[in-house]
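Some notes on the structure that comes next.
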Amino acid sequence: MASPNFFYIISILFLQLVLVFGNVTLSSTLSTNNNNSWLSPSGEFAFGFRQLNKNNTNFFMLAIWYNKISDKTIVWTAQNDNNLVQAPKGSQIQLTSGGLTLTTSQGDSLWTAQPNNAVSYGTMLDTGNFVLVNKTSTFVWESFNFPTDTLLPKQSLDLSGTLTSRFSETNFSSGRFQLYFNGDNILMSPLAWPTQLRYDSYYSSNVPENYNSSSLVFDELGDIYVETNNINGTRVKPPGKNWGDLVLDSKLYYYRATLDYYGVFTQYSHPRDINAKQGWSIMRYVPDDICIDIRSDFGSGTCGYNSYCSIENQRPSCKCPYGYSLTDQSNQFGGCQLNFPLGCEVDNGEVLNVKPEEVYEYSVVEGVDWPLSDYERLQPYSQ
């Protein structure tokens, strides 16, 4: 019969195994040349490289994604100054006591995460947060502090934080919309590129004066609210008719909140059951109608220039006027362009015996309005 000490030793070894499972040791590397990744203990999240898109095998992005669902939804990407880091084939990420370093095959540095304290190991947590840990088990760097377009349960956005949409459904470069704090209020604004100038906001959280907002919280149960430091510790829900109270069950569903590439902040759910056929479902969103809520004097709105917008199935749908077609056939939010060359021959008298009505054509579009200007503001510029 085994002695009690034997079972005690086995228990200690098992506990140690559980504690270090999923930890990334110093000198560990990942390369774009293979499909390896650093997994969370449950395998629900992964940290590693993903192709920029399905058709591009020469460049990659460093990312975190849902690992157990079929579409491997990306929730974080490495960025420099709000610009996506594009790693050429052969690049690698390495963990050292100084932090994480992403380099090309020639050794050129592309991106770093270098905390002030020496790193003992890294861990991909089951929350979707990749953390660097020092010898006292303190998180000295975490991906949750550098969100891109998505928040996850147990993640907060502080007063200096931002969410910036991606450019399109398949392009993870920074896009045309941003969510941020301005004083106590959360605002959403279109962005001008390449300067990243914020145009007039199209949404505000309308936090009452003197509530002293501290952060936008996505709690572990799946609820989202602005946390305040007023006497009663009031939680302010985002205002909007499509942002109601929900019955939440984080044991059955994954949740995420994303500033979508067309400017809508949306909370989604996805069954945890890997055999479920259902994908991500819209739970609630703001603003109520992105098509009419963006009323800035500048910028292209949610659909791009020369287009018009309507809401279909809770999402904006973009269309081109007669005689126009999508500038990018793979992106309905990229604006429209003329299908014919512009010319002034009739007006200049260069075409004889031709009436203007035989050249020009008018088309009536019901219920469509272009109330504001159609320009970008390039600021700051020196000339």
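Simple scheme: letters A, B, ... for chains in structure tokens order, numbers from 1 for residues in each chain, numbers from 1 for ligands in the order shown.
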
For this session: Give me the residues within 12 Å of Asp184 of chain A as a PyMOL selection string, counting only C-alpha atoms and dropping any in the same chain fewer than 5 places off.
Result: chain A and resi 158-160+204-216+226-230+236

Problem set entry | Test item: residues at most 8 Å from Pro88 of chain A, only C-alpha atoms, excluding those fewer than 4 positions along its chain, as an MDAnalysis selection string | chainID A and resid 58:60 104

Exercise. Segment 127-143 of chain A: which residues within 9 Å, counting only C-alpha atoms, same-chain residues fewer than 2 positions away excluded, as an MDAnalysis selection string?
Worked result: chainID A and resid 40 44:47 64:66 75:76 78 97 99:100 113:125 145:147 152:155

Write a file of the just-selected residues containing N, CA and C atoms, as an mmCIF file, in the first residue's frame.
data_model
loop_
_atom_site.group_PDB
_atom_site.id
_atom_site.type_symbol
_atom_site.label_atom_id
_atom_site.label_comp_id
_atom_site.auth_asym_id
_atom_site.auth_seq_id
_atom_site.Cartn_x
_atom_site.Cartn_y
_atom_site.Cartn_z
ATOM 1 N N SER A 40 -4.316 29.190 -24.583
ATOM 2 C CA SER A 40 -4.761 29.315 -23.202
ATOM 3 C C SER A 40 -4.990 27.915 -22.637
ATOM 4 N N GLU A 44 -9.232 27.807 -25.581
ATOM 5 C CA GLU A 44 -10.255 28.672 -26.169
ATOM 6 C C GLU A 44 -9.660 29.858 -26.917
ATOM 7 N N PHE A 45 -8.481 30.315 -26.503
ATOM 8 C CA PHE A 45 -7.829 31.435 -27.173
ATOM 9 C C PHE A 45 -6.423 31.039 -27.593
ATOM 10 N N ALA A 46 -5.959 31.670 -28.670
ATOM 11 C CA ALA A 46 -4.619 31.405 -29.185
ATOM 12 C C ALA A 46 -3.921 32.721 -29.496
ATOM 13 N N PHE A 47 -2.603 32.720 -29.321
ATOM 14 C CA PHE A 47 -1.737 33.868 -29.628
ATOM 15 C C PHE A 47 -0.736 33.410 -30.667
ATOM 16 N N ILE A 64 -4.501 37.615 -31.539
ATOM 17 C CA ILE A 64 -5.169 36.719 -30.589
ATOM 18 C C ILE A 64 -6.535 36.411 -31.178
ATOM 19 N N TRP A 65 -6.957 35.147 -31.099
ATOM 20 C CA TRP A 65 -8.234 34.767 -31.697
ATOM 21 C C TRP A 65 -8.928 33.682 -30.887
ATOM 22 N N TYR A 66 -10.257 33.582 -31.102
ATOM 23 C CA TYR A 66 -11.025 32.463 -30.562
ATOM 24 C C TYR A 66 -10.583 31.203 -31.298
ATOM 25 N N VAL A 75 -9.534 38.906 -32.148
ATOM 26 C CA VAL A 75 -9.990 39.903 -31.178
ATOM 27 C C VAL A 75 -8.910 40.921 -30.824
ATOM 28 N N TRP A 76 -7.677 40.698 -31.293
ATOM 29 C CA TRP A 76 -6.577 41.630 -30.989
ATOM 30 C C TRP A 76 -5.497 41.467 -32.037
ATOM 31 N N ALA A 78 -1.372 43.160 -33.055
ATOM 32 C CA ALA A 78 -0.261 44.031 -32.666
ATOM 33 C C ALA A 78 -0.252 45.263 -33.561
ATOM 34 N N SER A 97 13.458 38.028 -21.121
ATOM 35 C CA SER A 97 13.226 38.733 -19.857
ATOM 36 C C SER A 97 12.896 40.200 -20.093
ATOM 37 N N GLY A 99 10.834 41.170 -22.536
ATOM 38 C CA GLY A 99 9.484 41.257 -23.081
ATOM 39 C C GLY A 99 9.349 40.506 -24.388
ATOM 40 N N LEU A 100 8.412 40.932 -25.210
ATOM 41 C CA LEU A 100 8.167 40.329 -26.518
ATOM 42 C C LEU A 100 8.798 41.185 -27.606
ATOM 43 N N ALA A 113 6.907 44.619 -26.975
ATOM 44 C CA ALA A 113 6.162 44.834 -25.736
ATOM 45 C C ALA A 113 7.183 44.697 -24.619
ATOM 46 N N GLN A 114 7.687 45.826 -24.138
ATOM 47 C CA GLN A 114 8.801 45.832 -23.193
ATOM 48 C C GLN A 114 8.394 46.537 -21.903
ATOM 49 N N PRO A 115 7.957 45.783 -20.898
ATOM 50 C CA PRO A 115 7.575 46.384 -19.613
ATOM 51 C C PRO A 115 8.801 46.863 -18.847
ATOM 52 N N ASN A 116 8.559 47.643 -17.794
ATOM 53 C CA ASN A 116 9.658 48.175 -16.983
ATOM 54 C C ASN A 116 10.296 47.116 -16.099
ATOM 55 N N ASN A 117 9.541 46.050 -15.768
ATOM 56 C CA ASN A 117 10.056 44.990 -14.912
ATOM 57 C C ASN A 117 10.477 43.792 -15.742
ATOM 58 N N ALA A 118 11.446 43.057 -15.220
ATOM 59 C CA ALA A 118 11.909 41.853 -15.904
ATOM 60 C C ALA A 118 10.793 40.813 -15.957
ATOM 61 N N VAL A 119 10.689 40.148 -17.080
ATOM 62 C CA VAL A 119 9.643 39.151 -17.308
ATOM 63 C C VAL A 119 10.151 37.773 -16.916
ATOM 64 N N SER A 120 9.300 37.000 -16.217
ATOM 65 C CA SER A 120 9.639 35.621 -15.859
ATOM 66 C C SER A 120 9.013 34.622 -16.819
ATOM 67 N N TYR A 121 7.805 34.913 -17.275
ATOM 68 C CA TYR A 121 7.138 34.051 -18.251
ATOM 69 C C TYR A 121 5.930 34.789 -18.823
ATOM 70 N N GLY A 122 5.340 34.225 -19.850
ATOM 71 C CA GLY A 122 4.119 34.765 -20.435
ATOM 72 C C GLY A 122 3.011 33.737 -20.368
ATOM 73 N N THR A 123 1.770 34.185 -20.470
ATOM 74 C CA THR A 123 0.625 33.272 -20.418
ATOM 75 C C THR A 123 -0.515 33.803 -21.280
ATOM 76 N N MET A 124 -1.082 32.906 -22.064
ATOM 77 C CA MET A 124 -2.331 33.199 -22.771
ATOM 78 C C MET A 124 -3.467 32.746 -21.868
ATOM 79 N N LEU A 125 -4.216 33.696 -21.295
ATOM 80 C CA LEU A 125 -5.266 33.371 -20.338
ATOM 81 C C LEU A 125 -6.557 32.970 -21.047
ATOM 82 N N ASN A 145 -4.691 45.865 -22.122
ATOM 83 C CA ASN A 145 -4.423 47.298 -21.982
ATOM 84 C C ASN A 145 -4.197 47.986 -23.321
ATOM 85 N N PHE A 146 -4.150 47.204 -24.394
ATOM 86 C CA PHE A 146 -3.902 47.762 -25.723
ATOM 87 C C PHE A 146 -4.926 47.209 -26.722
ATOM 88 N N PRO A 147 -6.205 47.481 -26.499
ATOM 89 C CA PRO A 147 -7.239 46.914 -27.375
ATOM 90 C C PRO A 147 -7.163 47.499 -28.777
ATOM 91 N N LEU A 152 -13.458 42.201 -24.571
ATOM 92 C CA LEU A 152 -13.903 40.889 -24.123
ATOM 93 C C LEU A 152 -14.352 40.971 -22.671
ATOM 94 N N PRO A 153 -15.174 40.022 -22.204
ATOM 95 C CA PRO A 153 -15.545 40.004 -20.790
ATOM 96 C C PRO A 153 -14.315 40.030 -19.885
ATOM 97 N N LYS A 154 -14.413 40.790 -18.802
ATOM 98 C CA LYS A 154 -13.348 41.052 -17.835
ATOM 99 C C LYS A 154 -12.352 42.099 -18.328
ATOM 100 N N GLN A 155 -12.664 42.755 -19.437
ATOM 101 C CA GLN A 155 -11.787 43.795 -19.979
ATOM 102 C C GLN A 155 -12.444 45.152 -19.810
#

Exercise. Counting only C-alpha atoms, what is within 8 Å of segment 282-298 of chain A, bar same-chain residues fewer than 4 positions away, as a ChimeraX atom specification?
Worked result: /A:199-203,238-244,263-269,302,309-311,316,372-377

For this session: With a distance cut-off of 8 Å and only C-alpha atoms, select the neighbouring residues of Tyr262 of chain A, excluding the residue or stretch itself and same-chain residues fewer than 3 positions from it, and output the selection as a list in words.
Result: Ser165, Ser168, Arg176, Phe177, Thr302, Cys303, Pro316 and Phe333 of chain A

Could the residues in this selection be saved with N, CA and C atoms as a CSV table (one decimal), in the first residue's frame?
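Result file follows (part.csv):
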chain,number,residue,atom,x,y,z
A,165,SER,N,-11.9,50.9,-35.4
A,165,SER,CA,-12.4,49.8,-36.3
A,165,SER,C,-11.3,49.4,-37.2
A,168,SER,N,-11.9,47.0,-43.2
A,168,SER,CA,-13.0,46.3,-43.9
A,168,SER,C,-13.2,45.0,-43.2
A,176,ARG,N,-12.0,53.6,-40.3
A,176,ARG,CA,-12.5,54.9,-40.4
A,176,ARG,C,-13.3,55.4,-39.2
A,177,PHE,N,-13.3,54.6,-38.1
A,177,PHE,CA,-14.2,55.0,-36.9
A,177,PHE,C,-13.4,54.7,-35.6
A,302,THR,N,-20.8,56.2,-43.4
A,302,THR,CA,-20.5,54.8,-43.2
A,302,THR,C,-20.3,54.1,-44.5
A,303,CYS,N,-20.8,54.6,-45.6
A,303,CYS,CA,-20.8,53.9,-46.9
A,303,CYS,C,-19.8,54.3,-47.9
A,316,PRO,N,-26.0,48.3,-41.6
A,316,PRO,CA,-26.1,49.2,-42.7
A,316,PRO,C,-25.9,48.5,-44.0
A,333,PHE,N,-18.7,49.1,-48.4
A,333,PHE,CA,-18.6,50.4,-47.6
A,333,PHE,C,-17.5,51.3,-48.1

Problem set entry | All strand (DSSP E) positions in segment 147-251 of chain A, as an MDAnalysis selection string | chainID A and resid 150:151 155:158 162:166 174:182 185:192 197:198 203:204 213:218 224:228 235:236

Given the selection you just returned, output its residues as a file containing C-alpha atoms, formatted as a PDB file, in the first residue's frame.
ATOM      1  CA  THR A 150     -12.760  44.536 -29.630  1.00  0.00           C
ATOM      2  CA  LEU A 151     -13.452  44.232 -25.898  1.00  0.00           C
ATOM      3  CA  GLN A 155     -11.787  43.795 -19.979  1.00  0.00           C
ATOM      4  CA  SER A 156     -12.127  47.532 -19.375  1.00  0.00           C
ATOM      5  CA  LEU A 157     -11.362  50.599 -21.459  1.00  0.00           C
ATOM      6  CA  ASP A 158      -9.858  53.368 -19.344  1.00  0.00           C
ATOM      7  CA  THR A 162      -9.582  53.844 -27.671  1.00  0.00           C
ATOM      8  CA  LEU A 163     -11.172  51.297 -29.951  1.00  0.00           C
ATOM      9  CA  THR A 164     -10.452  51.781 -33.653  1.00  0.00           C
ATOM     10  CA  SER A 165     -12.390  49.839 -36.256  1.00  0.00           C
ATOM     11  CA  ARG A 166     -10.652  47.744 -38.871  1.00  0.00           C
ATOM     12  CA  SER A 174      -6.995  50.632 -38.859  1.00  0.00           C
ATOM     13  CA  GLY A 175     -10.250  51.904 -40.275  1.00  0.00           C
ATOM     14  CA  ARG A 176     -12.544  54.931 -40.370  1.00  0.00           C
ATOM     15  CA  PHE A 177     -14.173  54.965 -36.919  1.00  0.00           C
ATOM     16  CA  GLN A 178     -13.057  55.360 -33.317  1.00  0.00           C
ATOM     17  CA  LEU A 179     -14.602  54.988 -29.836  1.00  0.00           C
ATOM     18  CA  TYR A 180     -12.998  57.022 -27.046  1.00  0.00           C
ATOM     19  CA  PHE A 181     -13.575  58.982 -23.835  1.00  0.00           C
ATOM     20  CA  ASN A 182     -14.006  62.746 -23.916  1.00  0.00           C
ATOM     21  CA  ASN A 185     -18.570  60.635 -21.997  1.00  0.00           C
ATOM     22  CA  ILE A 186     -17.836  57.912 -24.495  1.00  0.00           C
ATOM     23  CA  LEU A 187     -17.949  59.260 -28.028  1.00  0.00           C
ATOM     24  CA  MET A 188     -17.748  57.666 -31.455  1.00  0.00           C
ATOM     25  CA  SER A 189     -16.380  59.612 -34.407  1.00  0.00           C
ATOM     26  CA  PRO A 190     -15.375  59.064 -38.025  1.00  0.00           C
ATOM     27  CA  LEU A 191     -11.643  59.392 -38.702  1.00  0.00           C
ATOM     28  CA  ALA A 192      -9.815  61.162 -41.523  1.00  0.00           C
ATOM     29  CA  LEU A 197      -8.250  63.532 -37.347  1.00  0.00           C
ATOM     30  CA  ARG A 198     -11.557  62.962 -35.538  1.00  0.00           C
ATOM     31  CA  TYR A 203     -22.733  59.019 -30.659  1.00  0.00           C
ATOM     32  CA  SER A 204     -22.388  59.982 -26.984  1.00  0.00           C
ATOM     33  CA  SER A 213     -16.504  58.235 -15.308  1.00  0.00           C
ATOM     34  CA  SER A 214     -13.596  55.884 -14.709  1.00  0.00           C
ATOM     35  CA  SER A 215     -13.851  53.242 -17.450  1.00  0.00           C
ATOM     36  CA  LEU A 216     -16.020  51.357 -19.913  1.00  0.00           C
ATOM     37  CA  VAL A 217     -16.466  47.928 -18.327  1.00  0.00           C
ATOM     38  CA  PHE A 218     -17.258  44.603 -19.984  1.00  0.00           C
ATOM     39  CA  ILE A 224     -21.344  46.473 -20.584  1.00  0.00           C
ATOM     40  CA  TYR A 225     -21.551  49.848 -18.834  1.00  0.00           C
ATOM     41  CA  VAL A 226     -19.669  53.015 -17.927  1.00  0.00           C
ATOM     42  CA  GLU A 227     -18.375  52.746 -14.378  1.00  0.00           C
ATOM     43  CA  THR A 228     -18.359  55.996 -12.393  1.00  0.00           C
ATOM     44  CA  ARG A 235     -23.242  52.301 -13.657  1.00  0.00           C
ATOM     45  CA  VAL A 236     -24.386  54.028 -16.836  1.00  0.00           C
TER      46      VAL A 236
END

Seminar exercise, completed: Residue with the minimum atom-to-atom distance to Gln379 of chain A, picked from A:Trp280, A:Trp193, A:Gly299, A:Arg256 with only C-alpha atoms counted, is A:Trp193

Exercise. So how far away is atom CA of Asn67 of chain A from atom CA of Leu26 of chain A, in Å?
Worked result: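 Taking atom CA of Leu26 of chain A and atom CA of Asn67 of chain A, their separation equals 23.4 Å.
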